[in-house]
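To keep things clear, I will list the structure first and then write my remarks on it.
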Amino acid sequence: MDRKIIATAGAAGALAAITTGAVLLAAPAIATGVAAQAGVAGNSHHGQGNGQGNGQGMGNGQGMGSGQGKGMDSGGGGGALNITNLASGTLTDEQKQVLASMAEEEKLAHDVYVALGAKYPEDQQFAHISKSETRHLEAVRALLARYQVADPTAGQAEGSFASVRFQDLYNQLTASATTSADALQAGVTIEQTDIADLEAAKAAVAAAPDVSSVYSHLITASQHHLQAFGG
């Protein structure tokens, strides 16, 4: 698979400074965007969940777990996804690299949204969704621990990244949002890229049902975030 590249639209609110196409993922096969995780603090979308099953809820308001789970990203709050209820599997070295990059991607989304929320407090999406991204990162970190993959976000301060790519991207995203419209467009760009990257990552992990499940719910979360930013 080709690496994806972030490029912004040319509309008035488009993010001006990410025009050089910063590649997001250090892993060989897949570019990761800016992601979302499972079991979130509530934010701007509401609704019923996506069915019933087992484990911690992962729906939108009502859970996609047995009974009534905690809300995922919208409506009610929720804790981190309990992956102990999800069957583990196997990951290739490449898939482990992708998972590690997803952790940095989740942190990138969180840190960018915190920075833009402080800059444009009237856009409350940033405050709500940054809380969701915290829980998203927790879910990915739980998978990293389960599969004994080093966490590249461990010990990194807010706005700091182990990867030069993610550090540069953070700097570009925060510096280029010179208006509220630019900031919201940054959120759109982040979530659109993340959805595409998560879908590609999910397609490659059939042998790891727990990772596939988390990726699936992160996709749903990113879709809600995208709507909240007007995408």
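Note on naming: chains are A, B, ... as they come in the structure tokens, residues start from 1 per chain, ligands start from 1 in the order shown.
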
Extract the full set of alpha helix (DSSP H) residues from segment 128-221 of chain A according to DSSP on the backbone, and format it as a PyMOL selection string.
chain A and resi 128-146+164-176+180-203+209-221

Residues of segment 68-153 of chain A that have any atom at most 10 Å from an atom of segment 188-194 of chain A: could you tabulate them with the shortest-distance atom pair and the distance in Å to one decimal, using only C-alpha atoms, ordered by chain and increasing number, as a Markdown table?
| residue | atom | partner | partner_atom | distance |
| --- | --- | --- | --- | --- |
| A:Met102 | CA | A:Asp194 | CA | 9.2 |
| A:Glu105 | CA | A:Asp194 | CA | 8.2 |
| A:Glu106 | CA | A:Asp194 | CA | 9.2 |
| A:Leu108 | CA | A:Ile190 | CA | 9.2 |
| A:Ala109 | CA | A:Ile190 | CA | 7.1 |
| A:Val112 | CA | A:Ile190 | CA | 9.5 |

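Reported to one decimal place, the separation of atom CA of Lys107 of chain A from atom CA of Arg146 of chain A is 19.0 Å.
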
Using only C-alpha atoms for the distances, tell me which of A:Asp111, A:Gly231, A:Ala142, A:Ala87 is nearest to Ala127 of chain A.
A:Asp111

Tell me, as a PyMOL selection string, which residues lie within 12 Å of Gln125 of chain A, counting only C-alpha atoms; anything in the same chain fewer than 4 positions away does not count.
chain A and resi 42-45+73-74+110+113-114+116-118+120-121+129-133+180+183-184+187-188+224-230

Selection export as a compact mmCIF listing (two decimals), in the first residue's frame, atoms kept: N, CA and C atoms:
# COMPACT_ATOMS: atom_id res chain seq x y z
N GLY A 42 -17.63 12.08 26.35
CA GLY A 42 -18.65 12.49 25.40
C GLY A 42 -18.30 13.78 24.70
N ASN A 43 -18.72 13.88 23.45
CA ASN A 43 -18.59 15.16 22.77
C ASN A 43 -19.81 15.44 21.94
N SER A 44 -19.66 15.93 20.73
CA SER A 44 -20.74 16.66 20.12
C SER A 44 -21.78 15.86 19.38
N HIS A 45 -21.68 14.54 19.28
CA HIS A 45 -22.72 13.81 18.56
C HIS A 45 -23.41 12.85 19.49
N ASP A 73 -17.36 8.42 22.18
CA ASP A 73 -17.14 9.70 21.55
C ASP A 73 -18.29 10.66 21.64
N SER A 74 -19.49 10.22 21.75
CA SER A 74 -20.57 11.17 21.66
C SER A 74 -21.64 10.82 22.65
N HIS A 110 -4.69 14.44 19.74
CA HIS A 110 -4.96 15.03 21.06
C HIS A 110 -4.20 16.34 21.23
N TYR A 113 -5.41 19.22 19.04
CA TYR A 113 -6.71 19.73 19.47
C TYR A 113 -6.62 20.52 20.77
N VAL A 114 -5.73 20.11 21.67
CA VAL A 114 -5.52 20.89 22.89
C VAL A 114 -4.97 22.27 22.54
N LEU A 116 -5.14 23.92 19.63
CA LEU A 116 -6.10 24.74 18.90
C LEU A 116 -7.27 25.15 19.78
N GLY A 117 -7.62 24.29 20.74
CA GLY A 117 -8.69 24.65 21.67
C GLY A 117 -8.31 25.82 22.56
N ALA A 118 -7.04 25.87 22.94
CA ALA A 118 -6.56 27.00 23.74
C ALA A 118 -6.52 28.28 22.92
N TYR A 120 -8.47 28.88 20.18
CA TYR A 120 -9.83 29.24 19.76
C TYR A 120 -10.85 28.59 20.69
N PRO A 121 -10.97 29.08 21.93
CA PRO A 121 -11.84 28.45 22.92
C PRO A 121 -13.32 28.49 22.53
N ILE A 129 -13.27 16.85 21.90
CA ILE A 129 -12.66 15.76 21.13
C ILE A 129 -11.26 15.44 21.65
N SER A 130 -10.56 16.41 22.20
CA SER A 130 -9.24 16.09 22.78
C SER A 130 -9.38 15.10 23.93
N LYS A 131 -10.47 15.19 24.67
CA LYS A 131 -10.71 14.22 25.75
C LYS A 131 -10.95 12.83 25.17
N SER A 132 -11.66 12.77 24.05
CA SER A 132 -11.87 11.50 23.37
C SER A 132 -10.53 10.91 22.93
N GLU A 133 -9.67 11.76 22.39
CA GLU A 133 -8.39 11.28 21.90
C GLU A 133 -7.52 10.72 23.03
N SER A 180 -9.93 30.75 13.08
CA SER A 180 -10.80 29.68 13.57
C SER A 180 -11.18 28.73 12.44
N ALA A 183 -8.43 26.38 11.82
CA ALA A 183 -8.33 25.39 12.89
C ALA A 183 -9.34 24.27 12.68
N LEU A 184 -10.56 24.62 12.34
CA LEU A 184 -11.58 23.61 12.10
C LEU A 184 -11.22 22.76 10.88
N GLY A 187 -8.90 20.11 11.83
CA GLY A 187 -9.61 18.96 12.39
C GLY A 187 -10.19 18.07 11.32
N VAL A 188 -10.76 18.68 10.28
CA VAL A 188 -11.31 17.91 9.16
C VAL A 188 -10.20 17.10 8.49
N HIS A 224 -17.48 10.51 13.64
CA HIS A 224 -18.22 11.48 14.46
C HIS A 224 -17.42 12.77 14.65
N HIS A 225 -16.12 12.62 14.86
CA HIS A 225 -15.28 13.80 15.00
C HIS A 225 -15.31 14.64 13.72
N LEU A 226 -15.24 13.97 12.60
CA LEU A 226 -15.28 14.66 11.31
C LEU A 226 -16.55 15.50 11.18
N GLN A 227 -17.66 14.92 11.56
CA GLN A 227 -18.93 15.65 11.51
C GLN A 227 -18.90 16.86 12.45
N ALA A 228 -18.30 16.67 13.62
CA ALA A 228 -18.24 17.77 14.60
C ALA A 228 -17.43 18.95 14.08
N PHE A 229 -16.42 18.65 13.25
CA PHE A 229 -15.60 19.72 12.68
C PHE A 229 -16.20 20.29 11.40
N GLY A 230 -17.33 19.76 10.97
CA GLY A 230 -18.01 20.28 9.79
C GLY A 230 -17.63 19.58 8.50

Polymer residues at most 12 Å from Thr92 of chain A, only C-alpha atoms, same-chain spacing of 4 or more positions, as number ranges by chain
A: 27, 29, 96-99, 147, 149, 204-208

Keeping N, CA, C and O atoms for every residue in the selection just given, could you write it to a file as a CSV table (one decimal), in the first residue's frame?
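Output saved as result_32.csv:
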chain,number,residue,atom,x,y,z
A,27,ALA,N,5.8,3.4,9.6
A,27,ALA,CA,5.8,2.0,9.2
A,27,ALA,C,5.9,1.9,7.7
A,27,ALA,O,5.4,2.7,6.9
A,29,ALA,N,4.3,0.1,5.2
A,29,ALA,CA,3.3,-0.1,4.2
A,29,ALA,C,2.1,0.9,4.3
A,29,ALA,O,1.3,0.9,3.4
A,96,LYS,N,2.9,-4.5,13.7
A,96,LYS,CA,3.3,-3.9,15.0
A,96,LYS,C,3.8,-2.5,14.8
A,96,LYS,O,3.5,-1.6,15.6
A,97,GLN,N,4.5,-2.3,13.7
A,97,GLN,CA,5.0,-0.9,13.5
A,97,GLN,C,3.8,0.0,13.2
A,97,GLN,O,3.8,1.2,13.6
A,98,VAL,N,2.8,-0.5,12.5
A,98,VAL,CA,1.6,0.3,12.2
A,98,VAL,C,0.9,0.7,13.5
A,98,VAL,O,0.5,1.8,13.8
A,99,LEU,N,0.8,-0.3,14.4
A,99,LEU,CA,0.1,-0.1,15.7
A,99,LEU,C,0.9,1.0,16.5
A,99,LEU,O,0.3,1.8,17.1
A,147,TYR,N,0.7,-6.8,22.9
A,147,TYR,CA,1.5,-7.4,21.9
A,147,TYR,C,3.0,-7.1,22.1
A,147,TYR,O,3.9,-7.4,21.2
A,149,VAL,N,4.8,-4.3,22.2
A,149,VAL,CA,5.4,-3.4,21.3
A,149,VAL,C,5.7,-2.1,22.0
A,149,VAL,O,5.0,-1.6,22.9
A,204,ALA,N,-5.7,-5.2,7.2
A,204,ALA,CA,-4.5,-6.0,7.3
A,204,ALA,C,-4.3,-6.8,8.5
A,204,ALA,O,-3.3,-7.5,8.7
A,205,VAL,N,-5.3,-6.8,9.4
A,205,VAL,CA,-5.1,-7.4,10.7
A,205,VAL,C,-6.1,-8.5,11.0
A,205,VAL,O,-6.6,-8.6,12.1
A,206,ALA,N,-6.5,-9.3,10.0
A,206,ALA,CA,-7.5,-10.3,10.2
A,206,ALA,C,-7.1,-11.3,11.2
A,206,ALA,O,-8.0,-12.0,11.9
A,207,ALA,N,-5.8,-11.5,11.5
A,207,ALA,CA,-5.3,-12.5,12.4
A,207,ALA,C,-5.3,-12.0,13.8
A,207,ALA,O,-4.9,-12.7,14.8
A,208,ALA,N,-5.7,-10.7,14.0
A,208,ALA,CA,-5.7,-10.1,15.4
A,208,ALA,C,-7.1,-9.5,15.6
A,208,ALA,O,-7.3,-8.3,15.4

Separation of atom CA of Leu137 of chain A from atom CA of Ser176 of chain A, in Å and rounded to one decimal:
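Atom-to-atom, atom CA of Leu137 of chain A to atom CA of Ser176 of chain A, that is 24.5 Å.
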
The distance between atom CA of Ser88 of chain A and atom CA of Glu199 of chain A is 19.2 Å

Measuring between only C-alpha atoms, which one of A:Thr179, A:Gln95, A:Ser163, A:Thr134 shows the shortest distance to Glu122 of chain A?
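Ranked by minimum distance to Glu122 of chain A, first place goes to A:Thr179.
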